[in-house]
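To start, the structure under review is shown below, and the notes come after it.
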Amino acid sequence: MIGPGLSPLLQAFRARWEALGGHYWESVSGPGLTETLAAAADSLIDRVPGQTSSALWWPGPAWASLAWEAALPPDRWTVTPVTGREPLVLSGRPMDPSALRSAAASAALGVTGAAWAVADTGSVALTSAPGQGLWPSLLPPSHLIVLQEAQVVATVADGLRRMRDEGPPPAMAKIISGPSSTADIEGQLWIGVHGPGRVGVVVVAGAGAD
Amino acid sequence: MVGRLPRDPAPWGERRDRALGNSVLRGNIRSVTRRLADARRRAYASYPASQVLRVAGRDAKRRAVARVEPLLDELRDRLAANGARVIFAEGPKEVADYVVSLAARRGAKRVVKSKSMLTEELDLNRRLAVAGLAVRETDLGEYIIQLLDEHPSHILAPAAHRNRQEIHALFQETAEREGVPGPTSDDVGPLTAFARQRLREDFLAADIGITGANFLVAETGTIVLVTNEGNADMVASLPPVHVVIAGIDKVLDTWADLAAVIQQPALSGVGQRLSAYTTLISGPRAAGSPEGPEELHVLLVDNGRRQLVDGPYADVLTCIRCGACYNVCPVYRQVGGHAYGSTYAGPIGAVETPLLAGLDFLPELPKSLCTLCNACVEACPMDIALADHFITLRRRQVGEGREAAGTRLTYRAWGRLWSSPRQYQRFVSWARRGQRFMMRQGRLVRSPGLWAGWFETRDMPPIAPETFHEWWARRAPSGKTPS
Ligand code: SF4
């Protein structure tokens with residue numbers, strides 16, 4: 001969708017991310033992005049016909065301008081949105097940690113932003129920065145990440161350096177490389193044991209979302 | 001201070017025979033080790049940065065071990081500044097006491113854990129259970145062996161010795177006991193789904209989460225956890241209290257050192273460039289954040305490690321528990337982990353166990369569980385001198401008189417007899433006269449004393465009526481070279 005200008009770094013990221021079992025989409029910002037998100041979200045879950053699916057929407061302050069109603073339309077989704085920065089807002093009310101927890105534990109899909117991504121390993125890093133949490137990336141069986149093209153760096157060391165340059169590390173950060181997996185039973189690879197079994201990334205071309 | 005490690009009360013011969021007689025264990029261990037060893041080789045071969053990274057990671061670990069005390073102080077100060085409580089603990093009792101009193105203060109009953117070899121080493125689960133805490137292991141393999149009341153047989157695949165049918169029966173039984181639907185079949189999918197469901201409830205209900213640490217970064221006060229399942233993230237972020245229990249050998253100096261070594265557990269362990277989840281924790285829940293534990297406790301455990309820092313075995317402390325040496329070891333591949341009798345198996349376990357717990361602890365490990373083939377040395381990303389350590393440990397066992405008197409005497413006599421040609425020839429002619437008591441159908445089939453074991457599974461041709469030396473002497477009676 002972005003066309004021939006696709007950077008080698010992004011191509012490398014895509015190849016490794018997909019090799020790990022991650023799903024991949026690209027978009028430019030604007031109305032095309034909500035369409036891409038809608039399609040991506042749909043393809044990451046198993047929908048029961050005639051029923052809406054639950055989603056926890058928390059892409060973080062960098063994507064404050066994204067309208068969740070457009071990406072996850074009400075005819076198909078029941079959405080718990082987290083917006084704001086300090087203070088956070090959960091479904092229009094002040095943040096309640098236990099409500100967030102049960103929303104994350106019952107959602108079919110979590111939508112988050114990202115801090116950076118690594119081409120060399122096909123990884124995406126998320127941080128518990130102000131305004132961004134990690135539960136939507138962990139508890140639902142599917143996880144969709146919105147990533148800016150400029151957030152893709154070459155190596156893990158580059159990503160860690162970027163994180164360090166921003167100051168002391170956050171309380172929690174995680175680098176995700178593909179879906180949750182195990183080979184604990186007879187060495188057979190199985191996807192989605194504790195964390196999400198399906199992870200997808202929508203890469204947004206151009207400098208930034210703001 | 002030497003450490004205290006758990007041990008299987010069965011003697012080595014019994015542990016060995018138990019392992020060798022268990023065909024499920026042997027088949028599974030063989031395929032798991034082969035798969036992991038192949039994956040590692042492929043990952044290294046297809047990743048241009050692999051060798052540079054490996055050396056940088058090794059150097060970072062070595063630098064850290066050499067300066068472990070100042071780094072631990074820095075780590076403690078950093079973590080404390082980040083809002084964590086840091087405790088230096090000597091051994092199993094101190095660690096268990098701390099967790100038990102923490103649980104009492106919090107009124108906590110339920111504990112979830114992610115995989116930690118150190119807590120195995122400390123026998124923590126048993127100690128916590130004695131104190132009335134319900135402990136749940138959440139790594140899939142650890143969950144299985146906890147239900148079976150067994151110990152891990154492989155560092156990365158703890159339940160490698162069990163097959164699907166056994167696990168299915170176990171989960172059925174668990175489901176009946178807990179009054180929930182069991183797995184729908186013995187395929188990996190339904191088995192995993194069952195565990196996911198059961199463990200999810202445990203995560204959400206837990207009062208305390210316990211994890212180990214793969215690395216600890218002094219510069220920033222950061223705890224690094226590596227998993228593929230994602231269970232460590234749950235253990236660290238869902239319960240209101242997170243307790244990290246880590247050996248003092250896990251400390252690293254700088255954030256840049258972390259970058260150098262962070263891919264190593266996955267690369268050398270399972271042949272991935274990075275684990276599915278690499279989690280970096282630098283403090284408890286931040287102000288204004290709805291997630292994460294209210295309290296973060298970090299226990300830095302010695303249990304026999306400090307005494308190694310300044311000695312010839314310091315490189316053992318750079319081990320990252322990747323398991324690469326297990327997967328290539330011809331002994332481990334035959335007997336699996338339980339035969340080693342304590343927490344750590346494979347080449348590193350055979351070397352490290354007596355170093356941590358004292359040379360009298362499972363002395364058969366360096367003596368009997370290594371062929372000196374050097375495969376582990378080639379595989380180890382940290383270049384730990386495993387084969388050299390086997391030799392020096394054996395030398396110490398002998399030098400310090402730890403061998404049985406009969407063994408010492410036999411070797412001394414043997415050494416004397418074989419150290420000059422004349423003595424050797426005399427030995428051969430005695431042996432030829434004695435060997436008819438040891439023969440059956442023209443082959444040597446048994447022997448007295450130390451050599452008896454050799455003949456348990458094989459025989460040997462007898463000593464020839466005329467040896468080459470004797471023939472030679474007969475052809476050239478003056479000792480000159482025949483032309
Ligand atoms: S000794 Fe080396 S190969 Fe073995 S587990 Fe430790 S780091 Fe890995």
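Every chain in the structure tokens takes a letter, A first, then B, and so on in the order presented; its residues are numbered from 1, and the ligands are numbered from 1 following the presented order.
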Stretch 71-80 of chain B environment, 6 Å, only C-alpha atoms, sequence neighbours closer than 4 positions dropped, as a ChimeraX atom specification: /B:84-86,218,221
Residues just named, written with C-alpha atoms as a JSON list (two decimals), in the first residue's frame:
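Listed below is the output, selection-v3.json:
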[["chain", "number", "residue", "atom", "x", "y", "z"],
["B", 84, "ALA", "CA", 12.15, -1.80, 45.07],
["B", 85, "ARG", "CA", 13.27, -3.51, 48.26],
["B", 86, "VAL", "CA", 16.56, -5.33, 47.92],
["B", 218, "ALA", "CA", 23.38, -2.45, 37.79],
["B", 221, "GLY", "CA", 18.41, -1.27, 38.32]]
8 Å shell around ligand 1 using only C-alpha atoms and all ligand atoms, listed as number ranges by chain: B: 265, 268-269, 316, 318-326, 346-348, 376-377, 379-384, 386
Near-A:Ser91 list (8 Å; only C-alpha atoms; drop same-chain fewer than 4 positions) as a list in words: Thr80, Pro81 and Val82 of chain A
Counting only C-alpha atoms, chain B residues within 6 Å of chain A, as a list of chain:residue names: B:Val32, B:Gly141, B:Ala157, B:Asn163, B:Arg196, B:Asn228, B:Glu229, B:Gly230, B:Asn231, B:Ala259, B:Arg273, B:Ala276, B:Tyr277, B:Thr278, B:Thr279, B:Leu280, B:Ile281, B:Ser282, B:Gly283, B:Pro290
Who sits within 6 Å of stretch 42-53 of chain A, only C-alpha atoms, same chain under 3 positions skipped, as a list in words: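 Final neighbour list, sorted by chain and number: Ala39, Arg76, Trp77 and Thr78 of chain A.
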Residues within 8 Å of stretch 294-310 of chain B, only C-alpha atoms, excluding chain neighbours under 6 positions, as JSON, numbers by chain: {"B": [1, 2, 3, 4, 65, 66, 68, 83, 84, 85, 86, 87, 88, 89, 90, 91, 92, 95, 240, 241, 242, 243, 244, 245, 246, 247, 248, 249, 283, 284, 285, 317, 355, 356, 357]}
Residues of chain A in helix (DSSP H, G or I), written as a ChimeraX atom specification: /A:8-19,31-43,61-63,68-71,97-106,135-137,149-151,156-165
Nearest candidate to B:Gly182 (options B:Thr457, B:Cys370, B:Ala56, B:Ala169; using only C-alpha atoms):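 When distances to B:Gly182 are compared using only C-alpha atoms, the smallest one comes from B:Ala169.
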Selection: 12 Å around stretch 42-46 of chain B, only C-alpha atoms, excl. self and same-chain fewer than 2 positions, as a count of residues only: 27
DSSP-assigned strand (DSSP E or B) among stretch 16-130 of chain B, expressed as a list in words: Arg85, Val86, Ile87, Phe88, Ala89, Arg110, Val111, Val112 and Lys113 of chain B
Residues from last step as file, N, CA and C atoms, as a short mmCIF file (atom, residue, chain, number, x, y, z; two decimals), in the first residue's frame:
data_model
loop_
_atom_site.label_atom_id
_atom_site.label_comp_id
_atom_site.auth_asym_id
_atom_site.auth_seq_id
_atom_site.Cartn_x
_atom_site.Cartn_y
_atom_site.Cartn_z
N ARG B 85 12.54 -3.13 47.06
CA ARG B 85 13.27 -3.51 48.26
C ARG B 85 14.27 -4.59 47.90
N VAL B 86 15.51 -4.41 48.32
CA VAL B 86 16.56 -5.33 47.92
C VAL B 86 17.14 -6.01 49.15
N ILE B 87 17.27 -7.33 49.08
CA ILE B 87 17.74 -8.11 50.22
C ILE B 87 18.86 -9.03 49.73
N PHE B 88 19.96 -9.06 50.46
CA PHE B 88 20.99 -10.06 50.18
C PHE B 88 20.70 -11.29 51.03
N ALA B 89 20.56 -12.43 50.38
CA ALA B 89 20.20 -13.65 51.12
C ALA B 89 21.29 -14.69 50.92
N ARG B 110 -1.83 -17.26 48.06
CA ARG B 110 -1.60 -17.90 46.78
C ARG B 110 -0.41 -17.28 46.05
N VAL B 111 0.48 -18.14 45.62
CA VAL B 111 1.71 -17.70 44.96
C VAL B 111 1.75 -18.29 43.55
N VAL B 112 2.03 -17.47 42.55
CA VAL B 112 2.31 -18.00 41.22
C VAL B 112 3.79 -17.76 40.90
N LYS B 113 4.35 -18.70 40.16
CA LYS B 113 5.77 -18.62 39.85
C LYS B 113 6.02 -18.81 38.36
#
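Atom CA of B:Ala405 is found 23.8 Å from atom CA of B:Gly434.
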Just the residues within 10 Å of A:Thr34, please, counting only C-alpha atoms, with nothing from its chain fewer than 2 positions along; format it as a tab-separated table (two decimals) with N, CA and C atoms, in the first residue's frame.
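Result file around-v1.tsv:
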chain	number	residue	atom	x	y	z
A	27	SER	N	0.03	0.95	6.08
A	27	SER	CA	-0.96	1.96	5.74
A	27	SER	C	-0.32	3.33	5.77
A	28	VAL	N	-0.96	4.29	5.11
A	28	VAL	CA	-0.59	5.69	5.35
A	28	VAL	C	-1.56	6.21	6.40
A	29	SER	N	-1.21	7.31	7.06
A	29	SER	CA	-2.15	7.82	8.06
A	29	SER	C	-3.34	8.48	7.35
A	30	GLY	N	-4.38	8.71	8.11
A	30	GLY	CA	-5.59	9.25	7.50
A	30	GLY	C	-6.67	8.18	7.46
A	31	PRO	N	-7.70	8.37	6.67
A	31	PRO	CA	-8.83	7.43	6.66
A	31	PRO	C	-8.39	6.01	6.28
A	32	GLY	N	-7.36	5.92	5.44
A	32	GLY	CA	-6.87	4.60	5.06
A	32	GLY	C	-6.43	3.79	6.26
A	36	THR	N	-7.54	0.04	7.40
A	36	THR	CA	-6.57	-1.04	7.57
A	36	THR	C	-6.68	-1.66	8.96
A	37	LEU	N	-6.83	-0.80	9.97
A	37	LEU	CA	-6.98	-1.32	11.33
A	37	LEU	C	-8.22	-2.19	11.45
A	38	ALA	N	-9.29	-1.75	10.83
A	38	ALA	CA	-10.54	-2.52	10.91
A	38	ALA	C	-10.34	-3.90	10.29
A	39	ALA	N	-9.68	-3.92	9.13
A	39	ALA	CA	-9.47	-5.20	8.46
A	39	ALA	C	-8.53	-6.09	9.27
A	40	ALA	N	-7.47	-5.47	9.81
A	40	ALA	CA	-6.50	-6.22	10.61
A	40	ALA	C	-7.16	-6.82	11.85
A	66	LEU	N	-6.54	8.97	16.62
A	66	LEU	CA	-7.22	7.84	15.96
A	66	LEU	C	-8.59	7.61	16.60
A	67	ALA	N	-9.61	7.48	15.76
A	67	ALA	CA	-10.96	7.26	16.31
A	67	ALA	C	-11.24	5.77	16.40
A	68	TRP	N	-11.38	5.26	17.61
A	68	TRP	CA	-11.61	3.82	17.75
A	68	TRP	C	-12.96	3.41	17.19
A	69	GLU	N	-13.92	4.37	17.20
A	69	GLU	CA	-15.25	4.02	16.68
A	69	GLU	C	-15.17	3.66	15.21
A	70	ALA	N	-14.19	4.25	14.50
A	70	ALA	CA	-14.07	3.97	13.07
A	70	ALA	C	-13.31	2.67	12.84
A	71	ALA	N	-12.27	2.44	13.66
A	71	ALA	CA	-11.46	1.24	13.46
A	71	ALA	C	-12.19	-0.02	13.95
A	72	LEU	N	-12.94	0.13	15.04
A	72	LEU	CA	-13.65	-1.02	15.61
A	72	LEU	C	-15.14	-0.66	15.69
Best match for closeness to B:Ser23 among B:Thr407, B:Arg162, B:Ala464, B:Glu173, counting only C-alpha atoms: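 Answer, going by the shortest atom-to-atom distance: B:Arg162.
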